[in-house]
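Listing of start21.txt; format and content: compact mmCIF, N, CA and C atoms.
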```txt
# COMPACT_ATOMS: atom_id res chain seq x y z
N MET A 1 127.01 91.46 119.62
CA MET A 1 127.18 90.64 118.45
C MET A 1 127.46 89.21 118.89
N LYS A 2 126.84 88.26 118.23
CA LYS A 2 127.04 86.85 118.55
C LYS A 2 127.56 86.13 117.34
N LYS A 3 128.21 84.99 117.56
CA LYS A 3 128.68 84.16 116.46
C LYS A 3 127.79 82.94 116.36
N ARG A 4 127.44 82.63 115.12
CA ARG A 4 126.64 81.43 114.89
C ARG A 4 127.21 80.75 113.67
N LYS A 5 127.68 79.53 113.83
CA LYS A 5 128.26 78.73 112.75
C LYS A 5 129.37 79.51 112.04
N GLY A 6 130.18 80.20 112.79
CA GLY A 6 131.32 80.91 112.22
C GLY A 6 130.97 82.25 111.60
N LYS A 7 129.71 82.65 111.63
CA LYS A 7 129.31 83.94 111.07
C LYS A 7 128.94 84.89 112.19
N LYS A 8 129.26 86.16 112.00
CA LYS A 8 128.87 87.17 112.97
C LYS A 8 127.46 87.64 112.63
N THR A 9 126.59 87.65 113.62
CA THR A 9 125.23 88.16 113.43
C THR A 9 124.95 89.20 114.50
N GLU A 10 124.23 90.22 114.13
CA GLU A 10 123.88 91.26 115.07
C GLU A 10 122.44 91.09 115.50
N ASN A 11 122.18 91.40 116.75
CA ASN A 11 120.82 91.36 117.26
C ASN A 11 120.00 92.46 116.61
N ILE A 12 118.72 92.21 116.49
CA ILE A 12 117.82 93.25 116.01
C ILE A 12 116.84 93.58 117.13
N LEU A 13 116.31 94.79 117.09
CA LEU A 13 115.38 95.25 118.09
C LEU A 13 114.00 95.33 117.47
N LEU A 14 113.05 94.60 118.02
CA LEU A 14 111.67 94.62 117.54
C LEU A 14 110.81 95.35 118.56
N ASN A 15 109.87 96.15 118.07
CA ASN A 15 108.95 96.86 118.95
C ASN A 15 107.54 96.39 118.60
N VAL A 16 106.90 95.68 119.53
CA VAL A 16 105.55 95.16 119.34
C VAL A 16 104.69 95.66 120.48
N ASP A 17 103.69 96.47 120.15
CA ASP A 17 102.78 97.04 121.16
C ASP A 17 103.55 97.72 122.29
N ASP A 18 104.51 98.54 121.93
CA ASP A 18 105.33 99.32 122.87
C ASP A 18 106.19 98.46 123.79
N VAL A 19 106.41 97.20 123.45
CA VAL A 19 107.32 96.33 124.18
C VAL A 19 108.48 96.02 123.25
N GLU A 20 109.71 96.24 123.71
CA GLU A 20 110.88 96.01 122.87
C GLU A 20 111.46 94.62 123.14
N TYR A 21 111.78 93.93 122.06
CA TYR A 21 112.36 92.60 122.12
C TYR A 21 113.68 92.61 121.36
N THR A 22 114.68 91.94 121.90
CA THR A 22 115.96 91.77 121.23
C THR A 22 116.04 90.32 120.77
N THR A 23 116.36 90.14 119.49
CA THR A 23 116.39 88.79 118.94
C THR A 23 117.44 88.69 117.85
N LEU A 24 117.72 87.49 117.42
CA LEU A 24 118.62 87.28 116.29
C LEU A 24 117.80 87.20 115.02
N PRO A 25 118.25 87.82 113.92
CA PRO A 25 117.50 87.73 112.67
C PRO A 25 117.63 86.33 112.06
N ASN A 26 116.52 85.86 111.48
CA ASN A 26 116.59 84.57 110.79
C ASN A 26 116.86 84.79 109.30
N LYS A 27 116.99 83.71 108.57
CA LYS A 27 117.33 83.78 107.15
C LYS A 27 116.25 84.54 106.35
N LYS A 28 114.98 84.28 106.67
CA LYS A 28 113.88 84.94 105.98
C LYS A 28 113.94 86.45 106.20
N TYR A 29 114.23 86.88 107.41
CA TYR A 29 114.34 88.30 107.72
C TYR A 29 115.48 88.95 106.94
N GLN A 30 116.59 88.28 106.84
CA GLN A 30 117.75 88.84 106.15
C GLN A 30 117.54 88.93 104.64
N GLN A 31 116.66 88.09 104.07
CA GLN A 31 116.42 88.08 102.63
C GLN A 31 115.17 88.86 102.22
N ARG A 32 114.55 89.56 103.14
CA ARG A 32 113.32 90.28 102.83
C ARG A 32 113.58 91.45 101.89
N LYS A 33 112.53 91.85 101.19
CA LYS A 33 112.62 93.02 100.30
C LYS A 33 112.56 94.28 101.16
N PRO A 34 113.32 95.29 100.80
CA PRO A 34 113.24 96.52 101.58
C PRO A 34 111.88 97.20 101.38
N TYR A 35 111.41 97.89 102.40
CA TYR A 35 110.13 98.58 102.33
C TYR A 35 110.25 99.80 101.42
N THR A 36 109.29 99.94 100.54
CA THR A 36 109.23 101.14 99.70
C THR A 36 107.83 101.73 99.85
N PRO A 37 107.74 102.99 100.22
CA PRO A 37 106.40 103.59 100.38
C PRO A 37 105.67 103.67 99.05
N LEU A 38 104.34 103.63 99.12
CA LEU A 38 103.53 103.71 97.91
C LEU A 38 103.65 105.09 97.28
N ASN A 39 103.70 105.12 95.96
CA ASN A 39 103.74 106.37 95.22
C ASN A 39 102.31 106.74 94.87
N PRO A 40 101.78 107.87 95.38
CA PRO A 40 100.38 108.23 95.09
C PRO A 40 100.14 108.60 93.64
N LYS A 41 101.20 108.81 92.86
CA LYS A 41 101.06 109.17 91.45
C LYS A 41 100.91 107.94 90.55
N VAL A 42 101.13 106.74 91.10
CA VAL A 42 101.01 105.50 90.32
C VAL A 42 99.85 104.68 90.89
N VAL A 43 98.86 104.43 90.05
CA VAL A 43 97.70 103.63 90.45
C VAL A 43 98.00 102.19 90.09
N THR A 44 98.01 101.30 91.09
CA THR A 44 98.35 99.90 90.86
C THR A 44 97.15 99.00 91.14
N SER A 45 97.20 97.79 90.60
CA SER A 45 96.13 96.83 90.85
C SER A 45 96.34 96.22 92.24
N PHE A 46 95.26 96.07 92.97
CA PHE A 46 95.34 95.51 94.32
C PHE A 46 95.21 94.00 94.32
N MET A 47 94.86 93.43 93.16
CA MET A 47 94.79 91.98 93.01
C MET A 47 94.85 91.65 91.52
N PRO A 48 95.19 90.41 91.16
CA PRO A 48 95.23 90.05 89.75
C PRO A 48 93.82 90.04 89.17
N GLY A 49 93.73 90.36 87.88
CA GLY A 49 92.42 90.35 87.25
C GLY A 49 92.48 90.78 85.80
N ASN A 50 91.30 91.01 85.22
CA ASN A 50 91.16 91.42 83.82
C ASN A 50 90.70 92.88 83.77
N ILE A 51 91.23 93.62 82.81
CA ILE A 51 90.79 95.00 82.61
C ILE A 51 89.56 94.96 81.72
N GLN A 52 88.41 95.37 82.25
CA GLN A 52 87.16 95.36 81.50
C GLN A 52 86.99 96.62 80.67
N LYS A 53 87.32 97.78 81.24
CA LYS A 53 87.10 99.04 80.55
C LYS A 53 88.11 100.06 81.06
N VAL A 54 88.60 100.90 80.15
CA VAL A 54 89.50 102.00 80.50
C VAL A 54 88.78 103.30 80.15
N PHE A 55 88.65 104.19 81.12
CA PHE A 55 87.88 105.41 80.93
C PHE A 55 88.74 106.63 80.59
N VAL A 56 90.06 106.53 80.71
CA VAL A 56 90.93 107.70 80.53
C VAL A 56 91.96 107.46 79.43
N LYS A 57 92.58 108.55 78.98
CA LYS A 57 93.67 108.44 78.01
C LYS A 57 94.76 109.44 78.40
N LYS A 58 95.91 109.29 77.81
CA LYS A 58 97.07 110.13 78.10
C LYS A 58 96.72 111.61 77.87
N GLY A 59 97.13 112.45 78.82
CA GLY A 59 96.92 113.89 78.71
C GLY A 59 95.59 114.38 79.26
N GLN A 60 94.71 113.47 79.63
CA GLN A 60 93.39 113.84 80.15
C GLN A 60 93.50 114.31 81.60
N LYS A 61 92.76 115.36 81.94
CA LYS A 61 92.72 115.85 83.32
C LYS A 61 91.68 115.05 84.09
N VAL A 62 92.03 114.68 85.33
CA VAL A 62 91.10 113.94 86.18
C VAL A 62 91.05 114.60 87.56
N LYS A 63 89.95 114.43 88.23
CA LYS A 63 89.79 114.92 89.60
C LYS A 63 89.80 113.74 90.54
N GLU A 64 90.09 114.00 91.79
CA GLU A 64 90.09 112.93 92.79
C GLU A 64 88.73 112.23 92.79
N GLY A 65 88.75 110.91 92.72
CA GLY A 65 87.52 110.12 92.70
C GLY A 65 86.98 109.82 91.32
N SER A 66 87.63 110.36 90.27
CA SER A 66 87.20 110.06 88.90
C SER A 66 87.44 108.59 88.58
N GLU A 67 86.57 108.00 87.78
CA GLU A 67 86.73 106.60 87.38
C GLU A 67 87.85 106.48 86.36
N LEU A 68 88.81 105.59 86.63
CA LEU A 68 89.93 105.37 85.72
C LEU A 68 89.72 104.13 84.86
N CYS A 69 89.34 103.03 85.52
CA CYS A 69 89.15 101.77 84.79
C CYS A 69 88.33 100.81 85.63
N ILE A 70 87.94 99.71 85.02
CA ILE A 70 87.24 98.63 85.73
C ILE A 70 88.14 97.40 85.70
N LEU A 71 88.44 96.87 86.89
CA LEU A 71 89.25 95.67 87.05
C LEU A 71 88.33 94.55 87.53
N GLU A 72 88.18 93.52 86.70
CA GLU A 72 87.35 92.38 87.09
C GLU A 72 88.24 91.33 87.73
N ALA A 73 87.88 90.95 88.95
CA ALA A 73 88.64 89.92 89.67
C ALA A 73 87.65 89.07 90.46
N MET A 74 87.76 87.78 90.32
CA MET A 74 86.91 86.82 91.02
C MET A 74 85.42 87.12 90.79
N LYS A 75 85.06 87.40 89.54
CA LYS A 75 83.69 87.67 89.09
C LYS A 75 83.11 88.95 89.71
N MET A 76 83.97 89.83 90.22
CA MET A 76 83.52 91.11 90.75
C MET A 76 84.17 92.23 89.94
N LYS A 77 83.39 93.23 89.60
CA LYS A 77 83.91 94.36 88.85
C LYS A 77 84.25 95.47 89.83
N ASN A 78 85.54 95.83 89.88
CA ASN A 78 86.03 96.85 90.79
C ASN A 78 86.35 98.11 90.00
N ILE A 79 85.73 99.22 90.38
CA ILE A 79 86.00 100.48 89.71
C ILE A 79 87.20 101.12 90.39
N ILE A 80 88.25 101.37 89.64
CA ILE A 80 89.47 101.99 90.17
C ILE A 80 89.33 103.50 90.01
N LEU A 81 89.49 104.23 91.12
CA LEU A 81 89.30 105.67 91.14
C LEU A 81 90.62 106.42 91.24
N ALA A 82 90.64 107.65 90.77
CA ALA A 82 91.83 108.50 90.86
C ALA A 82 92.06 108.88 92.33
N PRO A 83 93.29 108.70 92.84
CA PRO A 83 93.57 109.02 94.24
C PRO A 83 93.69 110.52 94.50
N GLU A 84 93.93 111.31 93.45
CA GLU A 84 94.09 112.76 93.60
C GLU A 84 93.87 113.43 92.25
N ASP A 85 93.76 114.76 92.27
CA ASP A 85 93.64 115.52 91.02
C ASP A 85 94.95 115.43 90.24
N GLY A 86 94.86 115.46 88.92
CA GLY A 86 96.08 115.43 88.12
C GLY A 86 95.79 115.23 86.64
N VAL A 87 96.86 115.02 85.90
CA VAL A 87 96.80 114.77 84.47
C VAL A 87 97.38 113.37 84.22
N ILE A 88 96.73 112.61 83.34
CA ILE A 88 97.20 111.26 83.05
C ILE A 88 98.52 111.35 82.29
N LYS A 89 99.56 110.78 82.88
CA LYS A 89 100.89 110.77 82.26
C LYS A 89 101.04 109.56 81.34
N ARG A 90 100.57 108.41 81.81
CA ARG A 90 100.74 107.17 81.04
C ARG A 90 99.63 106.19 81.41
N VAL A 91 99.10 105.51 80.41
CA VAL A 91 98.13 104.43 80.62
C VAL A 91 98.82 103.14 80.21
N ASN A 92 99.07 102.27 81.16
CA ASN A 92 99.83 101.03 80.93
C ASN A 92 98.95 99.82 80.64
N ILE A 93 97.66 100.05 80.39
CA ILE A 93 96.72 98.94 80.18
C ILE A 93 95.82 99.25 79.00
N LYS A 94 95.16 98.20 78.52
CA LYS A 94 94.10 98.37 77.53
C LYS A 94 93.03 97.33 77.85
N GLU A 95 91.86 97.52 77.30
CA GLU A 95 90.76 96.61 77.58
C GLU A 95 91.13 95.19 77.18
N GLY A 96 90.83 94.25 78.05
CA GLY A 96 91.13 92.84 77.79
C GLY A 96 92.45 92.37 78.38
N ASP A 97 93.28 93.28 78.87
CA ASP A 97 94.56 92.89 79.48
C ASP A 97 94.34 92.10 80.76
N ILE A 98 95.22 91.16 81.01
CA ILE A 98 95.26 90.44 82.28
C ILE A 98 96.44 91.01 83.05
N VAL A 99 96.17 91.49 84.27
CA VAL A 99 97.22 92.13 85.06
C VAL A 99 97.47 91.36 86.35
N ALA A 100 98.69 91.47 86.84
CA ALA A 100 99.09 90.84 88.09
C ALA A 100 98.87 91.82 89.25
N LYS A 101 98.96 91.30 90.45
CA LYS A 101 98.87 92.15 91.64
C LYS A 101 100.03 93.16 91.61
N HIS A 102 99.77 94.39 91.98
CA HIS A 102 100.74 95.50 92.03
C HIS A 102 101.20 95.98 90.65
N HIS A 103 100.49 95.61 89.60
CA HIS A 103 100.83 96.09 88.25
C HIS A 103 100.47 97.57 88.17
N ALA A 104 101.38 98.39 87.63
CA ALA A 104 101.13 99.82 87.47
C ALA A 104 100.10 100.02 86.34
N LEU A 105 98.90 100.41 86.69
CA LEU A 105 97.84 100.56 85.71
C LEU A 105 97.92 101.92 85.01
N ILE A 106 97.93 102.98 85.81
CA ILE A 106 97.89 104.35 85.29
C ILE A 106 98.81 105.23 86.13
N GLU A 107 99.53 106.13 85.45
CA GLU A 107 100.42 107.06 86.15
C GLU A 107 99.90 108.47 85.96
N LEU A 108 99.94 109.25 87.04
CA LEU A 108 99.54 110.65 87.03
C LEU A 108 100.76 111.56 87.07
N GLN A 109 100.60 112.79 86.53
CA GLN A 109 101.68 113.77 86.63
C GLN A 109 101.58 114.53 87.93
```

Turn the structure described in the file into structure tokens.
Amino acid sequence: MKKRKGKKTENILLNVDDVEYTTLPNKKYQQRKPYTPLNPKVVTSFMPGNIQKVFVKKGQKVKEGSELCILEAMKMKNIILAPEDGVIKRVNIKEGDIVAKHHALIELQ
């Protein structure tokens, strides 16, 4: 443990390409958001855009690879597919909506 400007800071251990480095954390590192793994039951937008069409509704059964909706971004129409088999629990979008990056579009049971 080292002192910097009257504050105690602990070294952190970084592993890059199987080489370990010991360093002091900076302010940006200390204020970072904690990592949360992706939930496969929640389909999110990978970029901001407009919802052109929604193909599913609540309670509908879908198979892996089924078309859920069309997200238009940067003049490209992206078809969002179901990541796994399931039943639609909630549809958080409607046609014409503008969504942000990481917006929860559709939830599966």

Next on the checklist: With distances taken over only N, CA and C atoms, which residue among A:Leu13, A:Ile88, A:Val42, A:Gly49 lies nearest A:Val62?
Outcome noted: A:Ile88

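Using only N, CA and C atoms, the nearest neighbour of A:Phe46 within the list A:Glu84, A:Met76, A:Asn26, A:His103 is A:His103.
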
Item to check | Those in stretch 2-80 of chain A with strand (DSSP E or B) from DSSP, as an NGL selection string | outcome: :A and (2-4 or 7-9 or 12-16 or 19-23 or 42-44 or 49-54 or 61-62 or 67-73 or 76-80)

Next on the checklist: Counting only C-alpha atoms, which residue out of A:Arg32, A:Lys58, A:Lys41, A:Lys63 sits closest to A:Glu107?
Outcome noted: A:Lys41

Checklist entry - Around (89.8, 102.8, 82.1) in the file's frame, which residues reach within 6 Å when counting only C-alpha atoms? Return as a PyMOL selection string? => result chain A and resi 53-56+68-69

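Comparing A:Lys89, A:Lys101, A:Lys75, A:Lys28 by their smallest distance to A:Pro48, the closest is A:Lys101 (using only C-alpha atoms).
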
Next on the checklist: Using all atoms listed in the file for the distances, tell me which of A:Ile93, A:Glu20, A:Ala82, A:Pro40 is nearest to A:Gly65.
Outcome noted: A:Ala82

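As for atom CA of A:Arg90 and atom CA of A:Leu108, they are spaced 7.0 Å apart.
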
Out of chain A, which residues get alpha helix (DSSP H) from DSSP, as a PDB file with N, CA and C atoms, in the frame of the given file?
```
ATOM      1  N   LYS A  27     116.990  83.710 108.570  1.00  0.00           N
ATOM      2  CA  LYS A  27     117.330  83.780 107.150  1.00  0.00           C
ATOM      3  C   LYS A  27     116.250  84.540 106.350  1.00  0.00           C
ATOM      4  N   LYS A  28     114.980  84.280 106.670  1.00  0.00           N
ATOM      5  CA  LYS A  28     113.880  84.940 105.980  1.00  0.00           C
ATOM      6  C   LYS A  28     113.940  86.450 106.200  1.00  0.00           C
ATOM      7  N   TYR A  29     114.230  86.880 107.410  1.00  0.00           N
ATOM      8  CA  TYR A  29     114.340  88.300 107.720  1.00  0.00           C
ATOM      9  C   TYR A  29     115.480  88.950 106.940  1.00  0.00           C
ATOM     10  N   GLN A  30     116.590  88.280 106.840  1.00  0.00           N
ATOM     11  CA  GLN A  30     117.750  88.840 106.150  1.00  0.00           C
ATOM     12  C   GLN A  30     117.540  88.930 104.640  1.00  0.00           C
TER      13      GLN A  30
END
```

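With atom N of A:Val43 on one side and atom CA of A:Asp85 on the other, the separation reads 12.3 Å.
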
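Each of A:Glu10, A:Leu38, A:Val87, A:Gly59 was checked against A:Pro25 using all atoms listed in the file; the smallest atom-to-atom distance is that of A:Glu10.
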
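Separating atom CA of A:Leu105 from atom C of A:Tyr35 is a distance of 20.0 Å.
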